[in-house]
Structures are given as C-alpha cells and as structure tokens.
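Scroll down for the structure; my scribbles are underneath it.
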Amino acid sequence: MADVFEEEAEQTVSIQEYLKDVEDQELEADLVLGGDEGKECTYIKGYMKRQAIFSCLTCTMDGNAGVCTACSLSCHDGHEIVELWTKRNFRCDCGNSKFGEFFCKLFPNKDIENVENSYNHNFKGSYCTCGRPYPDPDIEEQEEMIQCCICEDWFHEEHLGLESSDEIPRDEEGEPLYEDFICQTCSGVFSFLTLYPKSIWAGVRQHDATVNNNKEKDVLEDPPSVCGSSQKLENDPYSHNSQQMDHAITNTVSENVPLGKNTFLGENTEKNEGSSQVIQDASPSSSTCVIGVNLLVAPPVFDWSKPMFLSKNWRDILCRCEKCVDFYTQKCINFLLDKEDSIVEYEKMAKQKREEKLHQQEGVELNLLDKLGHVGKMEFLNGVADMKNEIHAFLESFDPSKPITSADVHQVFENLAKKRRRV
C-alpha cells in the first residue's frame, strides 16, 4: 500500500512545473510546425523550402503522399497519421490523384501530382536501416533518433555505423555539439568535405600555430589557421594529406580576418563574431575556388565509410565558386547553399513567429481593456484580482504532498462564482 502512495507522490507536480511543461510543449510544437497555425493549406505556396509534413496511411496505404499541417487537421482528422517532422522542397499532396476520390477540403483545385516531391520509407511509418516504426510498439523506452540532413531519414544511434555512440560529438550534459548529421550512405557523396579545414567537423578545436624550437628546421610563426593544428593525426578520417590544399585555404582565410587564441569555429555569433566572419569570407561567390580543386573534372575519391557530424555554421564555409556550385547542382545538393534549408534557420524563424504571435496577443488584450468603459475596466480588474486571491488562498490551505484533482479546480471556480453572485 505504501508503494502506491509513493508512486502517486512521484507523479505530483506543482502548478509552476505544470505551466512550464505546457509552455515547453507549445514551443516544441511551434519549432516543428515552423510557426504554422494550421489554418490554410500550404499548396498555394508551391514547393516550400522546408515545412512540417504528415503521411496519412488511411488514405494512402502505400505511403506515397504527404500533407501539410492544416490538411492533417482538417481533412485527415481521426485517420492514421504519421508525423514526419520536416521535409524540404515539398508541396502538399492532399486530394490529388494519389488520394483517389478523396478531395481536399481546404484547397481542392490541385495538380494531379507534385512531380518534384520526394518520398522515402518514412512516409510508410518506417525509419532507419532497421525499418522500425516510431514510436516502436515493441520498445518500452523510446530512443531518440538522429536525422540525416541529406536523405532526411532518421537513424537509431546503434545503426549509425559507429563502433560506439561515444563517437557522437556531445558536451558533458549530453547535448549535441554538431549542427548537421550526414548518414553513412549519403557520406560517400560528401567525401569532398575532407578537402576543407578540420574545423568543419563537430568537436574540432582551433589552435594557434606556434614556433617549435626543438625542430632542426626553423619555422616562422604563421597567422592562425582554420585548418587547426598543423600536425596530422594518424588514422584521422577527417584529415587530408595535401599540404598545398591546407596552404591555399589558410591563405584565403588569413588574408581576411585572423583568428584569436582558442577560437572555436561554429560558435554562436554573439560569442565569437570573428569566427563567424571568417566562415563567411572563406567561401566567396567568385571565380576563386576555396579548396583549389575542380570537383567536376577530378572529384576526390576516398574510401569513406563513416557518417559525418558537421559543426555549427559549416554550410557557410562551403565554396561558392562557379565550378563548385555546378558540382553541387550536378549532385542535387545545391540546397546546402540556401540558408533557409537548415533546421537551425527553420527553428529560428519559428521562434520569431512565436514571439510575434505572443506580442500580438498581448496587444489584443491591451486593446480590449482600452475599449472598455470605466465600469467595465473596474469589473475586469476586480475579476482578475478575485481569481488571483482565490487561487492564492487555495494554495496556502492545500496540502502540498497531495496531487491537485479536477474536483479541487472546480471548487476554486465555484467559490469565485458564489462570490460574484453575492456582489
């Protein structure tokens, strides 16, 4: 019997904790939905750079169609829905030829098919190389998955192709140090990233070049290089043997802005404005190639068999010369040059929309109060004060070791109603 009471005590939360939890859930939903309130079908916006997409297995059992947030709520309410988080360059399919006789309630006049949409096994409710669903009904504690920024599939940590999950760049609290992840399958196309400074990889720290007096050959102290330490680590999968390549990249960057001591590439702009500036200047949109290699003529061929974890702002350092851009286009990865494609930018815009919405709500409340007459304002303010006092009195008299029930909440509002009737 005592175990039952202990279990109930563990489930008890304070009002502050409850409100904080609600706020966190609302923020998480806004980040996933990109601030979309789900009122209008996004089809009219065309192939959006990134948006939340859902698959309806009730209407399309083959999992070959995706619908926007509004259609998932209005047209497919009560259906078997698969949440896909976000997809790039996608247009809402709701009601097109893939849905048979079913028509979209919000925007029925759609093309027969969206030919530029891409689909993978996620649309069937399967993820990772193991093809398991999420949430997995056969597992009690659901494991967090990592999304590849290229194929946009999701992977379990044990299926990333690593010897240990300890190889995933994380801080002491377990938070990811990487901005983007490229899966083992997609990484083969991106072996050219090894031509870039090692700062492009998550967890790589910058070091100042120093004079080594112990060596037989005198070496002059060079400007700090984004290539990190000048010493090559043995068996380092992210190092490149070409000293000429390192020299070319170093010159390109050091001519612009020198890095300070213990600088981390990819840190937040507020913390390190110099680092951000270097990343931007390292990839000019000109005929000068940052990496000094024509990827179209002689693309690098490396025996690459590991997933990639990229540092913050890594996309900014990608070369934007004409030949490299043509290479990205040929490989269908030119979306990497679009800032709005990244999840970081998507969530940033979602937060801005959320703040604007909250600000507008506050403005509406203030306008409502301003429109009220003197008597109306006094009644409104007195009502707020009465509710505040009633809740305060309830909390003072309530036993904190017990959970708050729905009956307790009803009693609070009943007391308020009685007070209003007396007035």
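Each chain of the structure tokens is named A, B, ... in the order shown, its residues numbered from 1; ligands are numbered from 1 in display order.
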For region 382-396 of chain A, list every protein, DNA or RNA residue within 7 Å, evaluated using only C-alpha atoms, and leave out those in the same chain fewer than 3 positions away; present the list as a CSV table (one decimal) with C-alpha atoms, in the first residue's frame.
chain,number,residue,atom,x,y,z
A,378,MET,CA,-13.1,48.1,-12.9
A,379,GLU,CA,-15.2,44.9,-13.2
A,412,VAL,CA,-12.0,27.1,-6.8
A,416,LEU,CA,-15.5,32.5,-7.4
Met61 (chain A): which residues within 10 Å, counting only C-alpha atoms, same-chain residues fewer than 3 positions away excluded, as a list in words?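 The residues satisfying every condition are Ser55, Cys56, Leu57, Thr58, Asn64, Ala65, Glu80, Phe99, Phe123 and Lys124 of chain A.
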Looking at A:Ile343, A:Leu73, A:Leu372, A:Ile182, which one is nearest to Lys87 (chain A), with distances taken over only C-alpha atoms?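 Closest to Lys87 (chain A), using only C-alpha atoms: A:Ile343.
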Which of these, A:Ile317, A:Cys186, A:Val82, A:Val409, has the shortest distance to Lys339 (chain A) once you count only C-alpha atoms?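 Going through A:Ile317, A:Cys186, A:Val82, A:Val409 one by one, the smallest distance to Lys339 (chain A) is for A:Ile317.
Among A:Cys319, A:Ile81, A:Ala29, A:Cys104, the residue with the shortest atom-to-atom distance to Gly125 (chain A), counting only C-alpha atoms, is A:Ile81.
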DSSP-assigned strand (DSSP E) among region 64-189 of chain A, expressed as a ChimeraX atom specification: /A:81-90,146-147,154-155,180-182
For the selection you just gave me, I'd like the residues written to a file as a CSV table (one decimal), in the first residue's frame, keeping C-alpha atoms.
chain,number,residue,atom,x,y,z
A,81,ILE,CA,-1.3,9.8,-39.4
A,82,VAL,CA,2.5,9.5,-39.5
A,83,GLU,CA,4.3,12.6,-38.3
A,84,LEU,CA,7.4,13.2,-40.5
A,85,TRP,CA,8.7,16.3,-38.8
A,86,THR,CA,10.0,18.5,-41.7
A,87,LYS,CA,10.8,17.9,-45.4
A,88,ARG,CA,12.5,20.1,-47.9
A,89,ASN,CA,11.2,21.2,-51.3
A,90,PHE,CA,7.7,19.7,-50.7
A,146,ILE,CA,19.1,11.4,-35.5
A,147,GLN,CA,18.1,12.8,-38.8
A,154,TRP,CA,16.0,9.0,-39.1
A,155,PHE,CA,18.5,6.7,-37.5
A,180,ASP,CA,24.1,18.6,-39.1
A,181,PHE,CA,24.5,14.8,-39.5
A,182,ILE,CA,25.1,13.0,-42.8
List every residue of region 16-182 of chain A that DSSP, applied to the backbone, labels as helix (DSSP H, G or I), and write the result as a PyMOL selection string. chain A and resi 16-33+42-45+69-74+97-99+121-124+157-159+165-167
Restricting the calculation to only C-alpha atoms: of A:Leu162, A:Leu310, A:Ile112, A:Cys75, which residue gets closest to Pro176 (chain A)?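 Under the stated criterion, the closest residue is A:Leu310.
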Selection near Leu337 (chain A), 10 Å with only C-alpha atoms, sequence-local residues under 4 positions removed, as a ChimeraX atom specification: /A:315-320,325,328,333,341-342
For Cys151 (chain A), which residue among A:Tyr134, A:Tyr346, A:Tyr127, A:Phe327 is the nearest when counting only C-alpha atoms?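 Smallest distance to Cys151 (chain A) is found for A:Tyr127.
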Of the residues A:Tyr119, A:Phe309, A:Trp304, A:Phe380, which is the one nearest to Glu167 (chain A), using only C-alpha atoms?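 So, comparing all the options, the nearest one is A:Phe309.
Here CA of Phe102 (chain A) is placed at a distance of 22.7 Å from CA of Asn120 (chain A).
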